[in-house]
Every structure is written in C-alpha cells, then in structure tokens.
>>> print(open('start11.cif').read())   # mmCIF, C-alpha atoms
data_work
#
loop_
_atom_site.label_atom_id
_atom_site.label_comp_id
_atom_site.auth_asym_id
_atom_site.auth_seq_id
_atom_site.Cartn_x
_atom_site.Cartn_y
_atom_site.Cartn_z
CA MET A 1 -11.40 10.51 21.34
CA VAL A 2 -13.00 7.14 21.82
CA LEU A 3 -12.51 4.52 19.17
CA PRO A 4 -15.86 3.75 17.48
CA GLN A 5 -17.47 0.50 18.57
CA ARG A 6 -17.27 -1.02 15.08
CA HIS A 7 -13.48 -0.58 15.05
CA ARG A 8 -12.76 -2.06 18.51
CA LEU A 9 -11.24 -5.43 19.27
CA ARG A 10 -12.01 -7.01 22.62
CA GLY A 11 -12.28 -10.37 24.28
CA LYS A 12 -9.81 -12.98 25.52
CA ARG A 13 -10.30 -15.43 22.63
CA LEU A 14 -9.82 -12.67 20.12
CA PHE A 15 -6.58 -11.47 21.74
CA ASP A 16 -5.31 -15.04 21.96
CA TYR A 17 -5.98 -15.37 18.23
CA LEU A 18 -4.10 -12.13 17.52
CA TYR A 19 -1.07 -13.14 19.59
CA GLN A 20 -0.89 -16.61 18.00
CA LYS A 21 -1.94 -16.13 14.37
CA SER A 22 -0.75 -12.65 13.50
CA ARG A 23 2.24 -11.35 11.64
CA ARG A 24 4.51 -9.08 13.68
CA TYR A 25 6.12 -5.85 12.55
CA HIS A 26 8.68 -4.29 14.90
CA GLY A 27 9.13 -0.57 14.86
CA GLY A 28 12.44 0.31 16.44
CA SER A 29 12.39 0.15 20.20
CA LEU A 30 8.98 1.64 20.93
CA LEU A 31 6.22 -0.57 19.57
CA VAL A 32 5.12 -3.79 17.88
CA LEU A 33 2.28 -4.09 15.39
CA ARG A 34 0.49 -7.40 14.90
CA VAL A 35 -1.67 -7.86 11.80
CA ALA A 36 -4.11 -10.74 11.37
CA ALA A 37 -6.84 -11.56 8.92
CA ALA A 38 -10.30 -10.91 10.32
CA ASN A 39 -12.04 -13.95 11.79
CA PRO A 40 -15.75 -13.13 12.31
CA LEU A 41 -16.28 -16.37 14.26
CA LEU A 42 -14.41 -14.83 17.20
CA LEU A 43 -16.66 -11.78 17.42
CA ARG A 44 -19.61 -11.47 19.74
CA SER A 45 -22.99 -12.04 18.13
CA SER A 46 -23.86 -8.34 18.42
CA GLU A 47 -20.68 -7.39 16.52
CA LYS A 48 -20.98 -9.83 13.62
CA ALA A 49 -22.99 -7.34 11.54
CA ALA A 50 -19.84 -5.23 11.16
CA ALA A 51 -17.46 -8.18 10.88
CA SER A 52 -15.70 -6.83 7.79
CA GLU A 53 -14.70 -3.57 9.48
CA PHE A 54 -11.07 -2.68 9.95
CA ARG A 55 -10.37 -3.10 13.70
CA LEU A 56 -7.70 -2.06 16.19
CA ALA A 57 -6.65 -2.72 19.76
CA VAL A 58 -3.95 -0.80 21.62
CA VAL A 59 -2.19 -2.58 24.48
CA ILE A 60 -0.19 -0.47 26.91
CA SER A 61 1.12 -2.31 29.95
CA SER A 62 2.03 -0.77 33.28
CA LYS A 63 5.69 -1.25 32.30
CA VAL A 64 5.27 1.71 29.95
CA SER A 65 4.02 3.93 32.78
CA LYS A 66 2.74 3.17 36.25
CA ARG A 67 0.21 5.99 35.91
CA ALA A 68 -3.09 5.08 34.27
CA VAL A 69 -3.55 8.70 33.19
CA VAL A 70 -0.44 8.48 31.00
CA ARG A 71 -1.42 5.08 29.54
CA ASN A 72 -4.94 6.29 28.74
CA ARG A 73 -3.62 9.46 27.10
CA LEU A 74 -1.34 7.39 24.86
CA ARG A 75 -4.20 5.04 23.99
CA ARG A 76 -6.49 7.95 23.08
CA GLN A 77 -3.80 9.48 20.86
CA PHE A 78 -3.38 6.23 18.93
CA HIS A 79 -7.15 5.86 18.66
CA GLN A 80 -7.45 9.39 17.25
CA ALA A 81 -4.69 8.73 14.69
CA PHE A 82 -6.46 5.50 13.69
CA VAL A 83 -9.84 7.25 13.30
CA ASP A 84 -8.22 9.92 11.13
CA MET A 85 -6.63 7.21 9.00
CA CYS A 86 -9.99 5.44 8.57
CA LYS A 87 -11.60 8.72 7.48
CA ASN A 88 -8.94 9.03 4.77
CA TRP A 89 -9.69 5.48 3.61
CA GLU A 90 -13.42 6.20 3.42
CA ASN A 91 -12.82 9.26 1.25
CA PRO A 92 -15.15 9.05 -1.80
CA ASP A 93 -12.33 10.38 -4.02
CA HIS A 94 -10.40 7.19 -3.34
CA PRO A 95 -12.99 4.39 -3.33
CA CYS A 96 -11.65 0.99 -2.42
CA LEU A 97 -12.65 -2.13 -0.60
CA GLN A 98 -12.64 -2.17 3.17
CA PRO A 99 -9.72 -4.34 4.29
CA GLN A 100 -10.57 -7.25 6.51
CA SER A 101 -7.64 -6.84 8.87
CA TRP A 102 -7.28 -6.67 12.61
CA LEU A 103 -4.42 -4.74 14.18
CA LEU A 104 -2.96 -5.10 17.65
CA LEU A 105 -0.58 -2.33 18.65
CA SER A 106 1.62 -3.03 21.68
CA LEU A 107 3.88 -0.45 23.23
CA LYS A 108 7.24 -1.52 24.61
CA PRO A 109 8.47 -0.27 28.02
CA GLU A 110 10.82 2.26 26.36
CA ALA A 111 7.76 4.04 24.93
CA GLY A 112 7.11 5.61 28.32
CA ASN A 113 10.07 7.95 27.86
CA ALA A 114 9.30 8.87 24.24
CA SER A 115 7.32 11.86 23.07
CA CYS A 116 3.94 11.42 21.42
CA ASN A 117 5.36 12.64 18.10
CA ASP A 118 8.09 9.99 18.22
CA LEU A 119 5.51 7.28 18.92
CA LEU A 120 3.20 8.38 16.11
CA ARG A 121 6.13 8.68 13.71
CA GLU A 122 7.26 5.15 14.54
CA TRP A 123 3.67 3.91 14.20
CA GLN A 124 3.53 5.39 10.70
CA ALA A 125 6.83 3.65 9.88
CA VAL A 126 5.46 0.31 11.06
CA LEU A 127 2.23 0.81 9.10
CA HIS A 128 4.35 1.57 6.04
CA GLN A 129 6.40 -1.60 6.67
CA ALA A 130 3.15 -3.62 6.96
CA GLY A 131 1.84 -2.20 3.68
CA PHE A 132 -0.89 0.11 4.99
CA LEU A 133 0.88 3.37 4.02
CA ASP A 134 2.67 4.31 0.83
CA ASP A 135 5.97 6.23 0.48
CA ASN A 136 4.24 9.58 0.99
CA CYS A 137 2.72 8.35 4.29
CA THR A 138 -0.78 8.46 2.84
CA SER A 139 -3.05 5.62 3.78
CA HIS A 140 -4.15 3.03 1.27
CA HIS A 141 -5.81 -0.32 1.52
CA PRO A 142 -3.77 -3.46 1.05
CA ALA A 143 -6.80 -4.89 -0.76
CA GLY A 144 -4.81 -6.49 -3.54
CA ARG A 145 -2.68 -8.72 -1.32
CA SER A 146 -3.01 -10.92 1.71
CA VAL A 147 -2.01 -9.54 5.08
CA LEU A 148 -0.55 -12.85 6.21
#
>>> encode(input="start11.cif", output="structure tokens")
Amino acid sequence: MVLPQRHRLRGKRLFDYLYQKSRRYHGGSLLVLRVAAANPLLLRSSEKAAASEFRLAVVISSKVSKRAVVRNRLRRQFHQAFVDMCKNWENPDHPCLQPQSWLLLSLKPEAGNASCNDLLREWQAVLHQAGFLDDNCTSHHPAGRSVL
C-alpha cells in the first residue's frame, strides 16, 4: 500500500533536518528510528495545510539488497504497518491530539537477511523505546511530552 500523501516526508532540506536535529533510537542490528519535532517551514507550500500530520519516511539503501523489488517490498510493508498504526490513533474511542512528530526509519545492511516479521517486531520495539507504543504494543500518542 502507498503511504498517504499527508503522511509522507520528502525533500533534501527536510531529510537534512531529520539527520541533524532528530533523536535516534537503535533497534538491535536491523534498523534505526529518528524522531524529530515537526517543522512546517521545511514543507512545500502545497503541504503546509497538513503540517501538523504525523509523517514518516523509510530509507532503504542498496546495501540492504541490491534488488529494487526487495527494497520496495520492505518499504511497502513498513508503510502498511504505519497506516494501520495511524488508523488506531484516529479511533474515536481513543480521542487524542495528533502528535507533531516526523519519523525517519533507516534499515541497516543486516536487515536484508531478516524476515519481515523480525523487522516489524524490531520496529515495534523501537517505537516502544521512543514512547509511541505502550507495554501491550498498542499505539498511543506521546502528546503529553516532548519528542526531543
């Protein structure tokens, strides 16, 4: 599944900001999560209307796999997991403020040999470490505290 436009991060300046100003969370040997506070000034003018949306970018280098088919499959699986998580957050039974956070997920070269379940399990562990999941692995907003 494609990540909805309002949840995408793109652009060189934006990625430079994420690499320089974000907080890193390492998840074992497979991935790194970077979390930064949203900065609407870095968004394109057409995207500023949805500046407070929770956004994600997944970076998978050719060191993970030389085959683009494999990298794209991994990216789509992370996008689908993220969309499912956002649907849980938008559940009317659990109303809360939309977090103004940007996430950058980078896969390490060892991730190419791991199964999808291992990668998603480690991603959940890193999200838990960053404060986006509770002990039962259910999503919640870190609205009450700063992400940095």
>>> residues_around(input="start11.cif", residues="Gln77 of chain A", least_positions_apart="6", cutoff="12 Å", atoms="all atoms listed in the file", output="PyMOL selection string")
chain A and resi 1-3+58+70-71+83-84+115-117+119-120+123
>>> closest_residue(input="start11.cif", among="A:Lys108, A:Arg8, A:Arg13, A:Lys21", to="Ser65 of chain A", atoms="all atoms listed in the file")
A:Lys108
>>> resolve_selection(input="start11.cif", expression="the PyMOL selection byres ((chain A and resi 7) around 9)", output="list in words")
Leu3, Pro4, Gln5, Arg6, Arg8, Leu9, Ala50, Glu53, Phe54, Arg55, Leu56, Ala57 and Val83 of chain A
>>> closest_residue(input="start11.cif", among="A:Gln124, A:Leu133, A:Arg44, A:Ser61", to="Gly27 of chain A", atoms="all atoms listed in the file")
A:Gln124
>>> closest_residue(input="start11.cif", among="A:Ala114, A:Leu105, A:Leu14, A:Gly131", to="Pro40 of chain A", atoms="only C-alpha atoms")
A:Leu14
>>> atom_distance(input="start11.cif", atom1="atom CA of Trp102 of chain A", atom2="atom CA of Val69 of chain A")
26.0 Å
>>> atom_distance(input="start11.cif", atom1="atom CA of Leu42 of chain A", atom2="atom CA of Gln100 of chain A")
13.7 Å
>>> closest_residue(input="start11.cif", among="A:Ala111, A:Leu43, A:Leu103, A:Ala38", to="Arg10 of chain A", atoms="all atoms listed in the file")
A:Leu43
>>> resolve_selection(input="start11.cif", expression="the PyMOL selection byres ((chain A and resi 35) around 7)", output="ChimeraX atom specification")
/A:22-24,33-34,36-37,101-104,147
>>> atom_distance(input="start11.cif", atom1="atom CA of Phe78 of chain A", atom2="atom CA of Asp118 of chain A")
12.1 Å
>>> closest_residue(input="start11.cif", among="A:Ile60, A:Leu30, A:His128, A:Glu47", to="Glu110 of chain A", atoms="only C-alpha atoms")
A:Leu30
>>> closest_residue(input="start11.cif", among="A:Lys87, A:Lys66, A:His79, A:His26", to="Pro109 of chain A", atoms="all atoms listed in the file")
A:Lys66
